[in-house]
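Text of coords27.txt, listed as compact mmCIF, C-alpha atoms and all ligand atoms:
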```txt
# COMPACT_ATOMS: atom_id res chain seq x y z
CA MET J 873 -2.82 -25.00 9.11
CA THR J 874 -0.12 -22.70 7.78
CA ARG J 875 3.36 -23.24 9.20
CA HIS J 876 5.73 -22.52 6.34
CA ILE J 877 5.39 -19.27 4.39
CA GLY J 878 7.12 -18.29 1.15
CA PHE J 879 7.62 -14.50 0.90
CA VAL J 880 8.54 -12.89 -2.43
CA GLY J 881 9.37 -9.17 -2.44
CA LEU J 882 11.22 -8.13 0.70
CA GLY J 883 11.37 -4.36 0.08
CA ASN J 884 10.27 -1.47 2.31
CA MET J 885 6.98 -3.19 3.12
CA GLY J 886 7.71 -6.88 2.55
CA GLY J 887 10.89 -6.90 4.64
CA PRO J 888 9.27 -5.87 7.93
CA MET J 889 6.12 -7.91 7.18
CA ALA J 890 8.22 -11.07 6.74
CA ALA J 891 10.12 -10.23 9.93
CA ASN J 892 6.82 -10.07 11.84
CA LEU J 893 5.85 -13.51 10.54
CA VAL J 894 9.15 -14.86 11.88
CA LYS J 895 8.42 -13.20 15.25
CA ALA J 896 4.98 -14.86 15.26
CA GLY J 897 6.65 -18.29 14.96
CA TYR J 898 6.23 -19.07 11.25
CA ARG J 899 9.02 -20.58 9.19
CA VAL J 900 9.55 -18.04 6.39
CA SER J 901 11.48 -18.69 3.15
CA GLY J 902 12.04 -15.40 1.35
CA PHE J 903 13.32 -14.12 -1.96
CA ASP J 904 14.02 -10.70 -3.44
CA LEU J 905 15.82 -9.76 -6.65
CA ALA J 906 17.76 -7.13 -4.65
CA PRO J 907 20.57 -8.83 -2.67
CA GLN J 908 20.52 -6.06 -0.03
CA ALA J 909 16.80 -6.64 0.70
CA LEU J 910 17.42 -10.38 0.97
CA ARG J 911 20.32 -9.89 3.39
CA GLN J 912 18.26 -7.58 5.61
CA ALA J 913 15.43 -10.11 5.76
CA GLU J 914 17.91 -12.86 6.58
CA ALA J 915 19.16 -10.80 9.53
CA ALA J 916 15.54 -10.75 10.78
CA GLY J 917 15.30 -14.55 10.67
CA VAL J 918 13.96 -15.18 7.14
CA GLN J 919 15.55 -18.16 5.35
CA ALA J 920 17.04 -16.76 2.15
CA ALA J 921 16.00 -18.70 -0.97
CA GLY J 922 17.93 -18.64 -4.24
CA SER J 923 14.80 -17.90 -6.32
CA GLY J 924 11.09 -17.27 -6.00
CA ALA J 925 10.42 -20.86 -7.01
CA GLU J 926 12.66 -22.12 -4.20
CA ALA J 927 10.84 -19.90 -1.66
CA ALA J 928 7.47 -21.30 -2.84
CA ARG J 929 8.39 -24.97 -3.23
CA GLU J 930 7.65 -26.24 0.30
CA ALA J 931 5.40 -23.43 1.51
CA ASP J 932 1.77 -23.82 2.64
CA LEU J 933 1.14 -20.19 1.75
CA VAL J 934 3.01 -17.76 -0.53
CA ILE J 935 2.88 -13.98 -0.06
CA THR J 936 3.89 -11.56 -2.82
CA MET J 937 4.67 -7.89 -2.02
CA LEU J 938 5.80 -6.45 -5.35
CA PRO J 939 5.70 -3.01 -7.01
CA ALA J 940 2.95 -3.45 -9.67
CA GLY J 941 0.62 -5.89 -11.44
CA ARG J 942 3.12 -6.83 -14.14
CA HIS J 943 5.63 -7.91 -11.47
CA VAL J 944 2.98 -10.05 -9.76
CA LEU J 945 1.89 -11.75 -13.01
CA ALA J 946 5.53 -12.35 -14.03
CA ALA J 947 6.35 -13.78 -10.59
CA TYR J 948 3.25 -16.04 -10.65
CA ALA J 949 4.52 -17.61 -13.91
CA GLU J 950 7.50 -18.87 -11.91
CA LEU J 951 5.86 -19.48 -8.51
CA LEU J 952 2.64 -21.31 -9.43
CA PRO J 953 4.26 -24.33 -11.14
CA ALA J 954 6.84 -24.63 -8.34
CA ALA J 955 4.35 -24.75 -5.43
CA ARG J 956 2.59 -27.84 -4.08
CA SER J 957 -1.00 -28.22 -5.27
CA GLY J 958 -3.48 -26.36 -3.05
CA THR J 959 -1.01 -23.72 -1.80
CA TYR J 960 -2.56 -20.39 -0.74
CA PHE J 961 -1.32 -17.46 -2.85
CA VAL J 962 -1.81 -14.13 -1.07
CA ASP J 963 -0.90 -11.01 -3.03
CA CYS J 964 -0.44 -7.99 -0.75
CA SER J 965 0.87 -5.62 -3.47
CA THR J 966 -1.30 -2.71 -4.65
CA ILE J 967 -2.23 -3.57 -8.25
CA ASP J 968 -5.18 -2.93 -10.51
CA VAL J 969 -8.37 -4.88 -10.09
CA ALA J 970 -8.09 -6.54 -13.52
CA ASP J 971 -4.54 -7.78 -12.76
CA ALA J 972 -5.70 -9.01 -9.34
CA ARG J 973 -8.48 -11.03 -10.98
CA ALA J 974 -6.05 -12.35 -13.63
CA ALA J 975 -3.61 -13.41 -10.87
CA HIS J 976 -6.47 -15.13 -9.04
CA ASP J 977 -7.51 -17.02 -12.20
CA LEU J 978 -3.93 -18.11 -12.95
CA ALA J 979 -3.49 -19.41 -9.40
CA THR J 980 -6.77 -21.33 -9.30
CA ALA J 981 -6.20 -22.76 -12.81
CA ALA J 982 -2.86 -24.09 -11.51
CA GLY J 983 -4.68 -25.87 -8.64
CA HIS J 984 -4.04 -23.30 -5.89
CA ARG J 985 -6.14 -20.99 -3.71
CA ALA J 986 -5.88 -17.21 -4.21
CA VAL J 987 -6.50 -14.10 -2.10
CA ASP J 988 -5.85 -10.42 -2.83
CA ALA J 989 -4.90 -8.61 0.37
CA PRO J 990 -3.46 -5.12 -0.21
CA VAL J 991 -2.58 -3.07 2.85
CA SER J 992 -2.83 0.38 4.33
CA GLY J 993 -0.57 1.71 7.08
CA GLY J 994 2.74 2.29 5.29
CA VAL J 995 6.22 1.24 6.36
CA ALA J 996 5.55 2.24 9.98
CA GLY J 997 2.50 -0.05 10.05
CA ALA J 998 4.45 -2.86 8.39
CA SER J 999 7.16 -2.59 11.07
CA ALA J 1000 4.71 -2.34 13.97
CA ALA J 1001 2.46 -5.17 12.67
CA SER J 1002 -0.42 -2.70 12.69
CA LEU J 1003 -1.41 -2.80 8.99
CA THR J 1004 -5.00 -2.86 7.77
CA PHE J 1005 -5.59 -5.69 5.25
CA MET J 1006 -8.35 -5.39 2.63
CA THR J 1007 -9.03 -8.87 1.37
CA GLY J 1008 -10.80 -10.27 -1.66
CA ALA J 1009 -11.45 -14.00 -1.37
CA ALA J 1010 -14.03 -16.75 -1.05
CA GLN J 1011 -15.09 -17.09 2.60
CA PRO J 1012 -13.20 -20.38 3.33
CA ASP J 1013 -10.00 -18.93 1.83
CA PHE J 1014 -10.40 -15.76 3.88
CA ASP J 1015 -10.86 -17.84 7.04
CA ALA J 1016 -7.75 -19.90 6.21
CA VAL J 1017 -5.38 -16.97 5.62
CA ARG J 1018 -6.72 -14.65 8.32
CA PRO J 1019 -4.40 -15.82 11.17
CA VAL J 1020 -1.35 -15.18 8.96
CA LEU J 1021 -2.56 -11.65 8.10
CA GLU J 1022 -3.28 -10.98 11.78
CA ALA J 1023 0.39 -11.64 12.55
CA MET J 1024 1.22 -8.60 10.35
CA GLY J 1025 -1.74 -6.32 10.97
CA ARG J 1026 -4.25 -4.95 13.44
CA LYS J 1027 -7.33 -5.06 11.22
CA VAL J 1028 -8.28 -7.61 8.57
CA VAL J 1029 -11.41 -6.80 6.54
CA HIS J 1030 -13.12 -9.24 4.18
CA CYS J 1031 -14.27 -6.92 1.36
CA GLY J 1032 -15.85 -9.53 -0.93
CA PRO J 1033 -14.75 -11.97 -3.66
CA SER J 1034 -11.54 -11.90 -5.71
CA GLY J 1035 -10.47 -8.33 -6.59
CA ALA J 1036 -12.60 -6.72 -3.85
CA GLY J 1037 -9.53 -6.03 -1.66
CA GLN J 1038 -7.83 -4.10 -4.47
CA ALA J 1039 -11.08 -2.27 -5.23
CA ALA J 1040 -11.32 -1.12 -1.58
CA LYS J 1041 -7.67 -0.07 -1.56
CA ILE J 1042 -7.88 2.18 -4.64
CA CYS J 1043 -11.20 3.72 -3.50
CA ASN J 1044 -9.69 4.48 -0.07
CA ASN J 1045 -6.58 6.04 -1.60
CA MET J 1046 -8.67 8.11 -4.00
CA ILE J 1047 -10.35 9.64 -0.93
CA LEU J 1048 -6.93 10.22 0.63
CA GLY J 1049 -5.34 11.81 -2.47
CA ILE J 1050 -8.29 14.18 -3.00
CA SER J 1051 -8.52 15.07 0.69
CA MET J 1052 -4.78 15.85 0.94
CA ILE J 1053 -5.13 18.33 -1.92
CA ALA J 1054 -8.25 19.82 -0.28
CA VAL J 1055 -6.41 20.26 3.04
CA GLY J 1056 -3.42 21.80 1.22
CA GLU J 1057 -5.63 24.26 -0.65
CA ALA J 1058 -7.35 25.24 2.60
CA PHE J 1059 -4.05 26.02 4.34
CA VAL J 1060 -2.83 28.08 1.36
CA LEU J 1061 -6.13 29.99 1.24
CA GLY J 1062 -6.07 30.43 5.04
CA GLU J 1063 -2.55 31.90 4.85
CA SER J 1064 -3.62 34.41 2.22
CA LEU J 1065 -6.55 35.42 4.49
CA GLY J 1066 -4.16 36.02 7.39
CA LEU J 1067 -5.08 32.85 9.32
CA SER J 1068 -2.34 31.02 11.24
CA HIS J 1069 -1.79 27.33 10.53
CA GLN J 1070 -2.49 26.49 14.16
CA ALA J 1071 -5.79 28.41 14.21
CA LEU J 1072 -7.06 26.66 11.08
CA PHE J 1073 -5.92 23.30 12.45
CA ASP J 1074 -7.58 23.88 15.85
CA VAL J 1075 -10.89 24.61 14.15
CA ALA J 1076 -10.90 22.13 11.24
CA SER J 1077 -9.50 19.19 13.25
CA THR J 1078 -12.51 19.30 15.57
CA ALA J 1079 -15.06 20.54 13.03
CA SER J 1080 -16.51 19.13 9.83
CA GLY J 1081 -13.23 19.53 7.89
CA GLN J 1082 -11.68 16.79 10.03
CA CYS J 1083 -9.93 14.01 8.07
CA TRP J 1084 -6.80 11.82 8.26
CA ALA J 1085 -4.87 14.06 5.83
CA LEU J 1086 -5.34 16.91 8.31
CA THR J 1087 -5.11 15.26 11.72
CA SER J 1088 -2.44 12.57 11.11
CA ASN J 1089 -0.43 13.76 8.10
CA CYS J 1090 -0.91 17.52 8.35
CA PRO J 1091 0.87 19.09 5.33
CA VAL J 1092 2.20 22.14 7.23
CA PRO J 1093 4.83 21.96 9.98
CA GLY J 1094 3.70 22.51 13.58
CA PRO J 1095 0.23 21.24 14.43
CA VAL J 1096 0.96 17.48 14.14
CA PRO J 1097 4.54 16.80 15.35
CA ALA J 1098 4.73 13.31 13.75
CA SER J 1099 3.72 14.48 10.26
CA PRO J 1100 6.36 14.47 7.44
CA ALA J 1101 6.01 18.27 7.06
CA ASN J 1102 8.15 18.57 10.22
CA ARG J 1103 11.09 16.69 8.67
CA GLY J 1104 11.39 18.19 5.21
CA TYR J 1105 8.58 15.97 3.83
CA ALA J 1106 10.67 12.79 4.05
CA ALA J 1107 8.23 9.98 3.02
CA GLY J 1108 6.09 8.56 4.78
CA PHE J 1109 3.88 7.59 1.94
CA ALA J 1110 5.77 8.61 -1.18
CA ALA J 1111 4.12 10.91 -3.73
CA ALA J 1112 5.05 8.34 -6.42
CA LEU J 1113 2.98 5.66 -4.67
CA MET J 1114 0.04 8.04 -4.36
CA ALA J 1115 0.39 8.84 -8.08
CA LYS J 1116 0.38 5.12 -8.83
CA ASP J 1117 -2.73 4.42 -6.71
CA LEU J 1118 -4.64 7.39 -8.16
CA GLY J 1119 -3.69 6.17 -11.64
CA LEU J 1120 -5.16 2.75 -10.79
CA ALA J 1121 -8.36 4.43 -9.53
CA ALA J 1122 -8.59 6.60 -12.67
CA GLY J 1123 -8.08 3.53 -14.87
CA ALA J 1124 -10.79 1.61 -13.02
CA ALA J 1125 -13.17 4.60 -13.31
CA GLU J 1126 -12.46 4.85 -17.03
CA ALA J 1127 -13.23 1.16 -17.48
CA ALA J 1128 -16.49 1.61 -15.53
CA GLY J 1129 -17.47 4.71 -17.56
CA LEU J 1130 -17.48 6.92 -14.44
CA PRO J 1131 -16.33 10.55 -14.47
CA THR J 1132 -14.75 10.67 -10.92
CA GLU J 1133 -13.68 14.21 -11.82
CA LEU J 1134 -11.81 15.01 -8.63
CA GLY J 1135 -10.11 11.61 -8.61
CA ARG J 1136 -8.83 12.14 -12.15
CA ARG J 1137 -7.67 15.69 -11.42
CA ALA J 1138 -5.86 14.45 -8.29
CA ALA J 1139 -4.23 11.71 -10.41
CA GLN J 1140 -2.94 14.35 -12.87
CA LEU J 1141 -1.61 16.62 -10.11
CA TYR J 1142 0.17 13.77 -8.34
CA ALA J 1143 1.58 12.31 -11.57
CA SER J 1144 3.28 15.59 -12.51
CA PHE J 1145 4.36 16.26 -8.89
CA ALA J 1146 5.90 12.78 -8.49
CA ALA J 1147 7.70 13.08 -11.84
CA GLY J 1148 9.18 16.46 -10.85
CA GLU J 1149 9.93 18.18 -7.56
CA GLY J 1150 7.95 15.64 -5.53
CA ALA J 1151 10.16 12.66 -6.48
CA GLY J 1152 11.12 10.93 -3.22
CA LEU J 1153 8.96 13.19 -1.04
CA ASP J 1154 5.92 12.40 1.07
CA PHE J 1155 2.60 12.92 -0.74
CA SER J 1156 1.67 15.76 1.66
CA ALA J 1157 4.43 17.86 0.03
CA ILE J 1158 1.98 18.54 -2.81
CA ILE J 1159 1.04 21.63 -0.77
CA THR J 1160 4.31 23.20 -1.94
CA THR J 1161 3.03 23.24 -5.52
CA LEU J 1162 -0.28 24.75 -4.41
CA LYS J 1163 1.73 27.48 -2.65
CA ALA J 1164 3.82 28.02 -5.75
CA GLU J 1165 0.64 28.52 -7.76
CA LYS J 1166 -0.44 31.14 -5.19
CA GLU J 1167 2.94 32.89 -5.40
CA ASP J 1168 2.73 32.88 -9.23
CA ALA J 1169 -0.67 34.57 -8.96
CA GLU J 1170 0.71 37.36 -6.73
P1 LIG L 1201 9.72 -1.72 -2.73
O1 LIG L 1201 10.13 -1.25 -4.07
O2 LIG L 1201 10.44 -1.23 -1.52
O3 LIG L 1201 9.76 -3.34 -2.69
C1 LIG L 1201 9.44 -4.16 -3.76
C2 LIG L 1201 10.50 -5.25 -3.81
O4 LIG L 1201 10.11 -6.22 -4.79
C3 LIG L 1201 11.88 -4.76 -4.19
O5 LIG L 1201 12.79 -5.06 -3.14
C4 LIG L 1201 12.20 -5.51 -5.49
O6 LIG L 1201 13.58 -5.87 -5.59
C5 LIG L 1201 11.33 -6.74 -5.33
N1 LIG L 1201 11.02 -7.44 -6.58
C6 LIG L 1201 10.52 -6.96 -7.75
N2 LIG L 1201 10.28 -7.98 -8.62
C7 LIG L 1201 10.62 -9.13 -7.98
C8 LIG L 1201 10.58 -10.51 -8.33
N3 LIG L 1201 10.15 -10.92 -9.53
N4 LIG L 1201 11.01 -11.41 -7.43
C9 LIG L 1201 11.44 -11.02 -6.21
N5 LIG L 1201 11.50 -9.72 -5.80
C10 LIG L 1201 11.09 -8.80 -6.68
O7 LIG L 1201 8.15 -1.41 -2.61
P2 LIG L 1201 7.27 -1.34 -1.26
O8 LIG L 1201 7.24 0.05 -0.75
O9 LIG L 1201 7.67 -2.47 -0.39
O10 LIG L 1201 5.81 -1.60 -1.89
C11 LIG L 1201 5.38 -2.90 -2.27
C12 LIG L 1201 3.91 -2.83 -2.61
O11 LIG L 1201 3.17 -2.36 -1.47
C13 LIG L 1201 3.57 -1.88 -3.77
O12 LIG L 1201 2.58 -2.47 -4.57
C14 LIG L 1201 3.05 -0.63 -3.05
O13 LIG L 1201 2.15 0.12 -3.85
C15 LIG L 1201 2.37 -1.26 -1.84
N6 LIG L 1201 2.26 -0.35 -0.67
C16 LIG L 1201 3.33 0.38 -0.26
C17 LIG L 1201 3.20 1.23 0.85
C18 LIG L 1201 4.37 2.07 1.32
O14 LIG L 1201 4.15 2.99 2.14
N7 LIG L 1201 5.59 1.80 0.90
C19 LIG L 1201 1.97 1.30 1.55
C20 LIG L 1201 0.91 0.49 1.13
C21 LIG L 1201 1.06 -0.34 0.01
```

How does the structure come out when it is put into C-alpha cells?
Amino acid sequence: MTRHIGFVGLGNMGGPMAANLVKAGYRVSGFDLAPQALRQAEAAGVQAAGSGAEAAREADLVITMLPAGRHVLAAYAELLPAARSGTYFVDCSTIDVADARAAHDLATAAGHRAVDAPVSGGVAGASAASLTFMTGAAQPDFDAVRPVLEAMGRKVVHCGPSGAGQAAKICNNMILGISMIAVGEAFVLGESLGLSHQALFDVASTASGQCWALTSNCPVPGPVPASPANRGYAAGFAAALMAKDLGLAAGAAEAAGLPTELGRRAAQLYASFAAGEGAGLDFSAIITTLKAEKEDAE
C-alpha cells in the first residue's frame, strides 16, 4: 500500500495536486527546479527535497508532472536509479505516446512499475481534486495506483496498456481544439448575420451544436459568466498548452499515416496564435483572430 509519495514538478498543476495528496494523509516528498514552486508546496505540507533523486529515494510511488516528454525522460534518468526496486512511477504530464512508451520501458527495465496518467480539468480541477485521469497501465498496476489518483481527481479511467492514457488525452484535446474554433467561427458568422451572442448561445447550447467549448468555456463574454472571455481571456487553459497538445496529436496522426485534416489545421492556427497575440491567453481567445479575419475581409 502506498504511504510515501515522491512528487517531481510542483508547478501550476503539480503544486495543488501534491497539496491534495498531503490533505488525503499521504507523506509527500517533493522537488521542483524552481525554488518558488518548492516553497509554495512546502507551505501546503510537502516535504521539500534537495533533488528529484532525494524525493524518490524512500517513496513507494513517484509522480512526475513536467512540461514535456524530454523533461520526463531526463528526470527518469535521475529518478529510476535512486528509487527502491518495484516503485510505481506515475507520469501525469501530457507527452507524446512514443515518449510515454519509452518512459514505461525505462522504468520497467530498471525494475519498477510504470503508469501513464495524464489529466484533464486544468488548474481549477487540480486545486479542487476534481481532475479526470486517463491511465495507461497493466490491470494490476492500475488497481495499485488508483487510490492515489482518486485523492487528486473525481474520475479515473483505465484506457488500456502503456501509452493508452496519453493517446486518450491527445484525442480528447484534438476534439476540444477543433470544437473551440468551430464555436468561434459560428459566433463570428452569427454576428455578421445580425444575431446576438445570447440568441446563438440559447439555441446552440440546447441544440445539436452543444459542446463543452460552448457551454463551459464560451469564447464570447456574457452567456457563461465563469468563462475566461469575461475576464480578458486570462487562462484558464493556455493557448500554448492547446498548441502543444494539438502538435502531439498531429505528430501521432503523421506517424499513423492519417490525414486528420481539421486536427492539423487547428494545430497550425493554435501554433501561430500562441506564438503571437495569444501568448499567455486562454485558448478560447482564438476567436479574436477569427474576428480579425472577418474585419480584414470587410
Ligand atoms: P508548469 O510549467 O507550471 O510546471 C512544470 C514544473 O516542472 C515547473 O515548475 C518546472 O520548474 C518543473 N520542472 C521542469 N523540469 C524539472 C525537473 N527536471 N525536475 C523538477 N522540476 C522540474 O506546467 P503545468 O501547467 O503544471 O503543466 C504540467 C503538465 O501538465 C504539462 O505536461 C501540461 O501539458 C499538463 N497539463 C496542464 C494543464 C493546465 O491547465 N495547466 C492541464 C492539463 C494538463

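Comparing the minimum interatomic distances between ligand LIG 1201 (chain L) and each of J:Val969, J:Met1114, J:Ile877, J:Val934, counting all atoms listed in the file, we find that J:Met1114 sits nearest.
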
Using only C-alpha atoms, which of the listed residues (J:Ile967, J:Leu905, J:Ala998, J:Leu952) sits closest to Ala986 (chain J)?
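Closest candidate: J:Leu952.
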
Could you tell me which of J:Ala946, J:Ala1023, J:Cys1083, J:Ala1112 comes closest to Tyr1142 (chain J) if we count all atoms listed in the file?
J:Ala1112

Using all atoms listed in the file, which residues have at least one atom no more than 6 Å from ligand LIG 1201 (chain L)? Output them as a list of chain:residue names.
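Counting only what the definition allows, namely all atoms listed in the file, the set is J:Val880, J:Gly881, J:Leu882, J:Gly883, J:Asn884, J:Met885, J:Gly886, J:Phe903, J:Asp904, J:Leu905, J:Ala906, J:Ala909, J:Met937, J:Leu938, J:Pro939, J:Ala940, J:His943, J:Ala947, J:Ser965, J:Thr966, J:Val991, J:Ser992, J:Gly994, J:Val995, J:Phe1109, J:Leu1113.
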
Residue subset to file, keeping C-alpha atoms, as a PDB file, in the frame of the given file:
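Everything below was put into selection_17.pdb:
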```
ATOM      1  CA  VAL J 880       8.540 -12.890  -2.430  1.00  0.00           C
ATOM      2  CA  GLY J 881       9.370  -9.170  -2.440  1.00  0.00           C
ATOM      3  CA  LEU J 882      11.220  -8.130   0.700  1.00  0.00           C
ATOM      4  CA  GLY J 883      11.370  -4.360   0.080  1.00  0.00           C
ATOM      5  CA  ASN J 884      10.270  -1.470   2.310  1.00  0.00           C
ATOM      6  CA  MET J 885       6.980  -3.190   3.120  1.00  0.00           C
ATOM      7  CA  GLY J 886       7.710  -6.880   2.550  1.00  0.00           C
ATOM      8  CA  PHE J 903      13.320 -14.120  -1.960  1.00  0.00           C
ATOM      9  CA  ASP J 904      14.020 -10.700  -3.440  1.00  0.00           C
ATOM     10  CA  LEU J 905      15.820  -9.760  -6.650  1.00  0.00           C
ATOM     11  CA  ALA J 906      17.760  -7.130  -4.650  1.00  0.00           C
ATOM     12  CA  ALA J 909      16.800  -6.640   0.700  1.00  0.00           C
ATOM     13  CA  MET J 937       4.670  -7.890  -2.020  1.00  0.00           C
ATOM     14  CA  LEU J 938       5.800  -6.450  -5.350  1.00  0.00           C
ATOM     15  CA  PRO J 939       5.700  -3.010  -7.010  1.00  0.00           C
ATOM     16  CA  ALA J 940       2.950  -3.450  -9.670  1.00  0.00           C
ATOM     17  CA  HIS J 943       5.630  -7.910 -11.470  1.00  0.00           C
ATOM     18  CA  ALA J 947       6.350 -13.780 -10.590  1.00  0.00           C
ATOM     19  CA  SER J 965       0.870  -5.620  -3.470  1.00  0.00           C
ATOM     20  CA  THR J 966      -1.300  -2.710  -4.650  1.00  0.00           C
ATOM     21  CA  VAL J 991      -2.580  -3.070   2.850  1.00  0.00           C
ATOM     22  CA  SER J 992      -2.830   0.380   4.330  1.00  0.00           C
ATOM     23  CA  GLY J 994       2.740   2.290   5.290  1.00  0.00           C
ATOM     24  CA  VAL J 995       6.220   1.240   6.360  1.00  0.00           C
ATOM     25  CA  PHE J1109       3.880   7.590   1.940  1.00  0.00           C
ATOM     26  CA  LEU J1113       2.980   5.660  -4.670  1.00  0.00           C
TER      27      LEU J1113
END
```

Write out as a PyMOL selection string which residues come within 9 Å of Ala975 (chain J) when counting only C-alpha atoms, dropping same-chain ones fewer than 6 positions away.
chain J and resi 941+944-945+948+963+986+988

Write out as a PDB file with C-alpha atoms, in the coordinates of the input which residues come within 9 Å of region 1151-1155 of chain J when counting all atoms listed in the file, dropping same-chain ones fewer than 2 positions away.
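This is the output file result05.pdb:
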```
ATOM      1  CA  GLY J1049      -5.340  11.810  -2.470  1.00  0.00           C
ATOM      2  CA  MET J1052      -4.780  15.850   0.940  1.00  0.00           C
ATOM      3  CA  PRO J1091       0.870  19.090   5.330  1.00  0.00           C
ATOM      4  CA  PRO J1100       6.360  14.470   7.440  1.00  0.00           C
ATOM      5  CA  ALA J1101       6.010  18.270   7.060  1.00  0.00           C
ATOM      6  CA  GLY J1104      11.390  18.190   5.210  1.00  0.00           C
ATOM      7  CA  TYR J1105       8.580  15.970   3.830  1.00  0.00           C
ATOM      8  CA  ALA J1106      10.670  12.790   4.050  1.00  0.00           C
ATOM      9  CA  ALA J1107       8.230   9.980   3.020  1.00  0.00           C
ATOM     10  CA  GLY J1108       6.090   8.560   4.780  1.00  0.00           C
ATOM     11  CA  PHE J1109       3.880   7.590   1.940  1.00  0.00           C
ATOM     12  CA  ALA J1110       5.770   8.610  -1.180  1.00  0.00           C
ATOM     13  CA  ALA J1111       4.120  10.910  -3.730  1.00  0.00           C
ATOM     14  CA  ALA J1112       5.050   8.340  -6.420  1.00  0.00           C
ATOM     15  CA  LEU J1113       2.980   5.660  -4.670  1.00  0.00           C
ATOM     16  CA  MET J1114       0.040   8.040  -4.360  1.00  0.00           C
ATOM     17  CA  ALA J1115       0.390   8.840  -8.080  1.00  0.00           C
ATOM     18  CA  TYR J1142       0.170  13.770  -8.340  1.00  0.00           C
ATOM     19  CA  PHE J1145       4.360  16.260  -8.890  1.00  0.00           C
ATOM     20  CA  ALA J1146       5.900  12.780  -8.490  1.00  0.00           C
ATOM     21  CA  ALA J1147       7.700  13.080 -11.840  1.00  0.00           C
ATOM     22  CA  GLY J1148       9.180  16.460 -10.850  1.00  0.00           C
ATOM     23  CA  GLU J1149       9.930  18.180  -7.560  1.00  0.00           C
ATOM     24  CA  ALA J1157       4.430  17.860   0.030  1.00  0.00           C
ATOM     25  CA  ILE J1158       1.980  18.540  -2.810  1.00  0.00           C
ATOM     26  CA  ILE J1159       1.040  21.630  -0.770  1.00  0.00           C
TER      27      ILE J1159
END
```

Give the answer as one residue: which of J:Cys1043, J:Gly983, J:Ala1143, J:Gly902 has the shortest atom-to-atom distance to Lys1116 (chain J), using only C-alpha atoms?
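Smallest separation from Lys1116 (chain J) among the options: J:Ala1143.
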
Could you pull the residues within 10 Å of region 1118-1128 of chain J, counting all atoms listed in the file, minus those fewer than 6 positions along the same chain, as a PyMOL selection string?
chain J and resi 966-970+1038-1039+1041-1050+1112+1134-1143

Residues within 9 Å of (10.9, -18.6, 5.2), counting all atoms listed in the file, listed as a PyMOL selection string:
chain J and resi 876-879+890+893-894+898-903+917-921+927+931

Atom pair CA of Glu950 (chain J) / CA of Glu930 (chain J): separation (Å)
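It comes out at 14.3 Å.
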
Between CA of His984 (chain J) and CA of Asp971 (chain J), what is the spacing in Å?
17.0 Å
